[in-house]
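One structure below.
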Amino acid sequence: MKIRRILSVFLLAALLSGLFCLPRAYAISDPDIKAKAALLVDGNTGMVLYDKNAHTQQYPASITKIMVMLLVLEAVDRGDLRLDQPITATASALADLTEDSSTADIVEGETLTVEQLLYCMMVVSANEVGNIFAETIDGSSAAFVERMNQRAQELGCENTHFVNTSGLHDPQHYTSAWDIYLITKEAMKYPLFMTVCDSKSYTVPATNKSEERELHSTNCLISNWRVLGYIYDDAHGIKTGTTDEAGHCLVSSAVRGDRSLISVVLGATLDKDDRVMSFTETSRLFDWGFDNFAPLTVLEEDKLYAVPVSLSKETDTVMAHPKATTQVVLPKDLDPETDLTYTLDLPESVEAPITTGDVLGSVTVSYDGQDYVTVPLLALSDVSSSSFLVGRNAVQTFLSRTIVKVAIAALVVLIVLLLIWLKLIRPKRRYGRGGKRYRRTPTYRGRRR
């Protein structure tokens, strides 16, 4: 009977422990994106949600034109160009177009404005436009390409090298999903960038060489003019790119409520039904990001931490608080109470005086072994110092310096040597054998009789 009870208790304990050992709901499955490289980043926080070969070199095809547009917008911002400035296409700008090249049918001598050329380049991916801008801004395509590479380095792109403005294949023309994200994020700072890239179509007014023409986006996530079945309601822009060597590439963004995602998919192919997987995989990546992740408040600004204070008679502690309430994009089912790790970086004590807002340290929030955010900890109030304690500390600090210790030790040695000299060596030199002797004169006591 006793054995049965013990066995029952054992089995019950085993079952309960099994319940606590079940896999957690936030163990998110890998979306396994079918492409050579892919990247998904939260647009609000910059948090990387998915990374597949994001730092490996890939051919970008017409994704290259994002960098071209960034440089054009920066030239406008500097005042070197105006959006309404007319530019005339030259023969040299049209010289390197191939028969199958994507184009807006711009011809030699045709004049369009900067803004119209931007729509031509980004909506229908016109290859001739990059060279037109290059000659206008830097005098030649070669000089402009140098500017493209220099700007890439400035943005922190470590796996990027441009050879042309169009993205037509060249073995030395490459980038990475991460570098494309860095370039795109910078371009998105300009409102006109997303206005142009998110356009389903654009009507180019009549020019000196052409009647009015209608352009339709190559991005099937936002336009079904070319082919049906790819529309993603939350998608906004950004740029397609395709060559035989690069495969199908797409940079896109999506907004759902107050959530924003940016994706890069490079080197996709066609599936068994001949569907373009750069579009289908991007849609799948967006759904995965929206369905599995959400912003989570991990730090409240009114959270307090006690920090010991020295050199003050007013108090022996000061309270520190996070600089701001902080959100991090994390798996939706995560429990912040048990699954997050908070690491404090604070000194053993801080010295008064302290002013409200002084940075006293920091707190790092980690999940599953990865640091997600580090936030400064600020002093909540002023703490005055004690003149006596400050002075005493200054003296102690001075005396604790190595050079001062050496100097004091040397001084002590000198004093000891001086005392030895005064007590022992100097008297010998004064009264020793080598000194002058004096004979004592006897006292006259009179004549003895």
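Residue names in the structure tokens use chain letters A, B, ... in the order shown, residue numbers from 1 in each chain, and ligand numbers from 1 in the order shown.
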Find the nearest atom pair between each residue of region 78-164 of chain A and region 32-56 of chain A for residues within 10 Å, count only C-alpha atoms, give distances in Å to one decimal, sort rows by chain and ascending number, and present the table as a Markdown table.
| residue | atom | partner | partner_atom | distance |
| --- | --- | --- | --- | --- |
| A:Cys157 | CA | A:His55 | CA | 9.6 |
| A:Glu158 | CA | A:His55 | CA | 8.4 |
| A:Asn159 | CA | A:His55 | CA | 7.1 |
| A:Thr160 | CA | A:Thr56 | CA | 9.8 |
Please dump the current selection as a short mmCIF file (atom, residue, chain, number, x, y, z; two decimals), in the first residue's frame; keep N, CA, C and O atoms.
data_model
loop_
_atom_site.label_atom_id
_atom_site.label_comp_id
_atom_site.auth_asym_id
_atom_site.auth_seq_id
_atom_site.Cartn_x
_atom_site.Cartn_y
_atom_site.Cartn_z
N CYS A 157 27.72 50.71 -45.34
CA CYS A 157 27.58 49.53 -46.21
C CYS A 157 28.96 48.87 -46.39
O CYS A 157 29.87 49.50 -46.93
N GLU A 158 29.09 47.63 -45.97
CA GLU A 158 30.38 46.94 -45.99
C GLU A 158 30.48 45.92 -47.11
O GLU A 158 31.56 45.37 -47.34
N ASN A 159 29.39 45.65 -47.80
CA ASN A 159 29.41 44.63 -48.86
C ASN A 159 28.81 45.16 -50.15
O ASN A 159 28.10 44.45 -50.86
N THR A 160 29.09 46.42 -50.44
CA THR A 160 28.49 47.08 -51.60
C THR A 160 29.55 47.68 -52.51
O THR A 160 30.49 48.32 -52.03
#
Separation of CA of Ser125 (chain A) from CA of Tyr202 (chain A) in Å
12.4 Å
Name all residues at most 9 Å from region 141-147 of chain A (count only C-alpha atoms; drop same-chain ones fewer than 6 positions away) and give them as a PyMOL selection string.
chain A and resi 68+71+93+130-135+162-165
Pick from A:Asp105, A:Glu351, A:Glu212, A:Glu115: nearest to Pro86 (chain A), with only C-alpha atoms counted?
A:Glu115
Extract, using only C-alpha atoms, all DNA, RNA and protein residues at most 8 Å from Gly156 (chain A), discarding same-chain residues fewer than 2 positions from it, and format them as a PDB file with all heavy atoms, in the first residue's frame.
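Dumped everything to part_11.pdb:
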ATOM      1  N   ALA A 152      27.680  54.997 -50.055  1.00  0.00           N
ATOM      2  CA  ALA A 152      27.440  53.684 -49.455  1.00  0.00           C
ATOM      3  C   ALA A 152      28.361  53.468 -48.262  1.00  0.00           C
ATOM      4  O   ALA A 152      27.936  52.973 -47.213  1.00  0.00           O
ATOM      5  CB  ALA A 152      27.634  52.587 -50.496  1.00  0.00           C
ATOM      6  N   GLN A 153      29.626  53.843 -48.410  1.00  0.00           N
ATOM      7  CA  GLN A 153      30.573  53.708 -47.297  1.00  0.00           C
ATOM      8  C   GLN A 153      30.162  54.582 -46.118  1.00  0.00           C
ATOM      9  O   GLN A 153      30.238  54.163 -44.959  1.00  0.00           O
ATOM     10  CB  GLN A 153      31.986  54.074 -47.763  1.00  0.00           C
ATOM     11  CG  GLN A 153      32.601  53.056 -48.711  1.00  0.00           C
ATOM     12  CD  GLN A 153      34.025  53.415 -49.090  1.00  0.00           C
ATOM     13  OE1 GLN A 153      34.541  54.456 -48.685  1.00  0.00           O
ATOM     14  NE2 GLN A 153      34.668  52.567 -49.871  1.00  0.00           N
ATOM     15  N   GLU A 154      29.709  55.796 -46.407  1.00  0.00           N
ATOM     16  CA  GLU A 154      29.291  56.708 -45.344  1.00  0.00           C
ATOM     17  C   GLU A 154      28.100  56.149 -44.562  1.00  0.00           C
ATOM     18  O   GLU A 154      27.961  56.391 -43.365  1.00  0.00           O
ATOM     19  CB  GLU A 154      28.917  58.063 -45.939  1.00  0.00           C
ATOM     20  CG  GLU A 154      30.098  58.826 -46.516  1.00  0.00           C
ATOM     21  CD  GLU A 154      29.692  60.056 -47.310  1.00  0.00           C
ATOM     22  OE1 GLU A 154      28.471  60.269 -47.493  1.00  0.00           O
ATOM     23  OE2 GLU A 154      30.584  60.803 -47.746  1.00  0.00           O
ATOM     24  N   GLU A 158      29.088  47.634 -45.966  1.00  0.00           N
ATOM     25  CA  GLU A 158      30.375  46.940 -45.989  1.00  0.00           C
ATOM     26  C   GLU A 158      30.485  45.917 -47.114  1.00  0.00           C
ATOM     27  O   GLU A 158      31.558  45.367 -47.343  1.00  0.00           O
ATOM     28  CB  GLU A 158      30.609  46.249 -44.645  1.00  0.00           C
ATOM     29  CG  GLU A 158      30.694  47.217 -43.468  1.00  0.00           C
ATOM     30  CD  GLU A 158      30.941  46.518 -42.147  1.00  0.00           C
ATOM     31  OE1 GLU A 158      30.879  45.262 -42.129  1.00  0.00           O
ATOM     32  OE2 GLU A 158      31.188  47.201 -41.141  1.00  0.00           O
ATOM     33  N   ASP A 179      22.856  46.068 -46.503  1.00  0.00           N
ATOM     34  CA  ASP A 179      23.287  47.346 -47.075  1.00  0.00           C
ATOM     35  C   ASP A 179      22.130  48.025 -47.798  1.00  0.00           C
ATOM     36  O   ASP A 179      21.975  49.255 -47.719  1.00  0.00           O
ATOM     37  CB  ASP A 179      24.458  47.127 -48.035  1.00  0.00           C
ATOM     38  CG  ASP A 179      25.743  46.771 -47.305  1.00  0.00           C
ATOM     39  OD1 ASP A 179      25.719  46.717 -46.056  1.00  0.00           O
ATOM     40  OD2 ASP A 179      26.765  46.538 -47.986  1.00  0.00           O
ATOM     41  N   LEU A 182      20.054  49.722 -45.262  1.00  0.00           N
ATOM     42  CA  LEU A 182      20.658  50.972 -44.795  1.00  0.00           C
ATOM     43  C   LEU A 182      20.414  52.107 -45.786  1.00  0.00           C
ATOM     44  O   LEU A 182      20.097  53.243 -45.389  1.00  0.00           O
ATOM     45  CB  LEU A 182      22.163  50.789 -44.582  1.00  0.00           C
ATOM     46  CG  LEU A 182      22.593  49.825 -43.471  1.00  0.00           C
ATOM     47  CD1 LEU A 182      24.121  49.716 -43.430  1.00  0.00           C
ATOM     48  CD2 LEU A 182      22.061  50.274 -42.114  1.00  0.00           C
TER      49      LEU A 182
END
Give me, as a ChimeraX atom specification, all polymer residues having an atom no more than 7 Å from region 62-67 of chain A, counting only C-alpha atoms and skipping those fewer than 3 positions away in the same chain.
/A:70-71,125,148,165-167,183-184,239-242
Selection file, all heavy atoms, as a tab-separated table (two decimals), in the first residue's frame:
chain	number	residue	atom	x	y	z
A	70	LEU	N	18.31	58.44	-53.81
A	70	LEU	CA	18.80	59.07	-52.59
A	70	LEU	C	19.74	60.22	-52.93
A	70	LEU	O	19.62	61.32	-52.36
A	70	LEU	CB	19.52	58.04	-51.72
A	70	LEU	CG	20.28	58.61	-50.51
A	70	LEU	CD1	19.34	59.33	-49.55
A	70	LEU	CD2	21.04	57.50	-49.79
A	71	LEU	N	20.67	60.01	-53.85
A	71	LEU	CA	21.62	61.06	-54.21
A	71	LEU	C	20.94	62.23	-54.90
A	71	LEU	O	21.34	63.39	-54.71
A	71	LEU	CB	22.73	60.48	-55.09
A	71	LEU	CG	23.63	59.43	-54.42
A	71	LEU	CD1	24.70	58.94	-55.38
A	71	LEU	CD2	24.27	60.00	-53.17
A	125	SER	N	11.07	51.64	-63.58
A	125	SER	CA	12.46	51.23	-63.51
A	125	SER	C	13.24	51.58	-64.77
A	125	SER	O	14.04	50.78	-65.28
A	125	SER	CB	12.56	49.72	-63.25
A	125	SER	OG	13.81	49.37	-62.74
A	148	MET	N	28.21	57.28	-55.65
A	148	MET	CA	27.37	56.22	-55.11
A	148	MET	C	28.14	55.34	-54.13
A	148	MET	O	27.67	55.02	-53.03
A	148	MET	CB	26.81	55.36	-56.25
A	148	MET	CG	25.81	56.07	-57.15
A	148	MET	SD	25.43	55.13	-58.66
A	148	MET	CE	24.61	53.68	-57.98
A	165	THR	N	24.61	52.86	-62.85
A	165	THR	CA	23.46	53.48	-62.19
A	165	THR	C	22.17	52.69	-62.37
A	165	THR	O	21.16	53.00	-61.73
A	165	THR	CB	23.22	54.90	-62.73
A	165	THR	OG1	22.90	54.82	-64.13
A	165	THR	CG2	24.45	55.77	-62.54
A	166	SER	N	22.20	51.68	-63.22
A	166	SER	CA	20.97	50.98	-63.58
A	166	SER	C	20.79	49.65	-62.86
A	166	SER	O	19.66	49.20	-62.64
A	166	SER	CB	20.95	50.72	-65.10
A	166	SER	OG	22.04	49.88	-65.46
A	167	GLY	N	21.89	49.00	-62.53
A	167	GLY	CA	21.82	47.66	-61.95
A	167	GLY	C	21.95	46.56	-62.99
A	167	GLY	O	21.85	45.37	-62.66
A	183	ILE	N	20.55	51.83	-47.08
A	183	ILE	CA	20.35	52.84	-48.11
A	183	ILE	C	18.88	53.25	-48.16
A	183	ILE	O	18.54	54.43	-48.22
A	183	ILE	CB	20.82	52.32	-49.48
A	183	ILE	CG1	22.32	52.03	-49.45
A	183	ILE	CG2	20.49	53.32	-50.58
A	183	ILE	CD1	22.83	51.22	-50.63
A	184	THR	N	17.99	52.25	-48.10
A	184	THR	CA	16.55	52.52	-48.17
A	184	THR	C	16.09	53.32	-46.96
A	184	THR	O	15.30	54.28	-47.09
A	184	THR	CB	15.77	51.20	-48.24
A	184	THR	OG1	16.21	50.45	-49.38
A	184	THR	CG2	14.28	51.45	-48.34
A	239	LYS	N	10.74	49.01	-54.41
A	239	LYS	CA	11.46	48.85	-55.69
A	239	LYS	C	11.68	47.40	-56.03
A	239	LYS	O	12.05	46.59	-55.18
A	239	LYS	CB	12.82	49.57	-55.63
A	239	LYS	CG	13.53	49.63	-56.97
A	239	LYS	CD	12.82	50.58	-57.91
A	239	LYS	CE	13.36	50.49	-59.34
A	239	LYS	NZ	12.87	49.29	-60.05
A	240	THR	N	11.45	47.10	-57.31
A	240	THR	CA	11.73	45.76	-57.85
A	240	THR	C	13.07	45.76	-58.56
A	240	THR	O	13.63	46.81	-58.87
A	240	THR	CB	10.63	45.34	-58.84
A	240	THR	OG1	10.65	46.28	-59.94
A	240	THR	CG2	9.27	45.33	-58.19
A	241	GLY	N	13.56	44.57	-58.85
A	241	GLY	CA	14.77	44.42	-59.66
A	241	GLY	C	14.87	43.00	-60.16
A	241	GLY	O	14.65	42.06	-59.39
A	242	THR	N	15.20	42.85	-61.44
A	242	THR	CA	15.30	41.50	-62.02
A	242	THR	C	16.35	41.45	-63.12
A	242	THR	O	16.33	42.29	-64.03
A	242	THR	CB	13.94	41.06	-62.62
A	242	THR	OG1	12.92	41.19	-61.65
A	242	THR	CG2	14.02	39.61	-63.08
Mind listing the alpha helix (DSSP H) residues of region 271-360 of chain A, per DSSP on the backbone, as a PyMOL selection string?
chain A and resi 277-292+336-339
Please list as an MDAnalysis selection string every residue within 8 Å of region 362-371 of chain A, counting only C-alpha atoms and excluding residues in the same chain fewer than 5 positions away.
chainID A and resid 298 322 339:346 376:377
From the DSSP assignment of the backbone, select every residue of region 18-267 of chain A that is strand (DSSP E or B), and format the answer as a ChimeraX atom specification.
/A:37-42,48-52,58,86-88,111-113,161,174-175,201-204,213-216,235-243,247-256,259-267
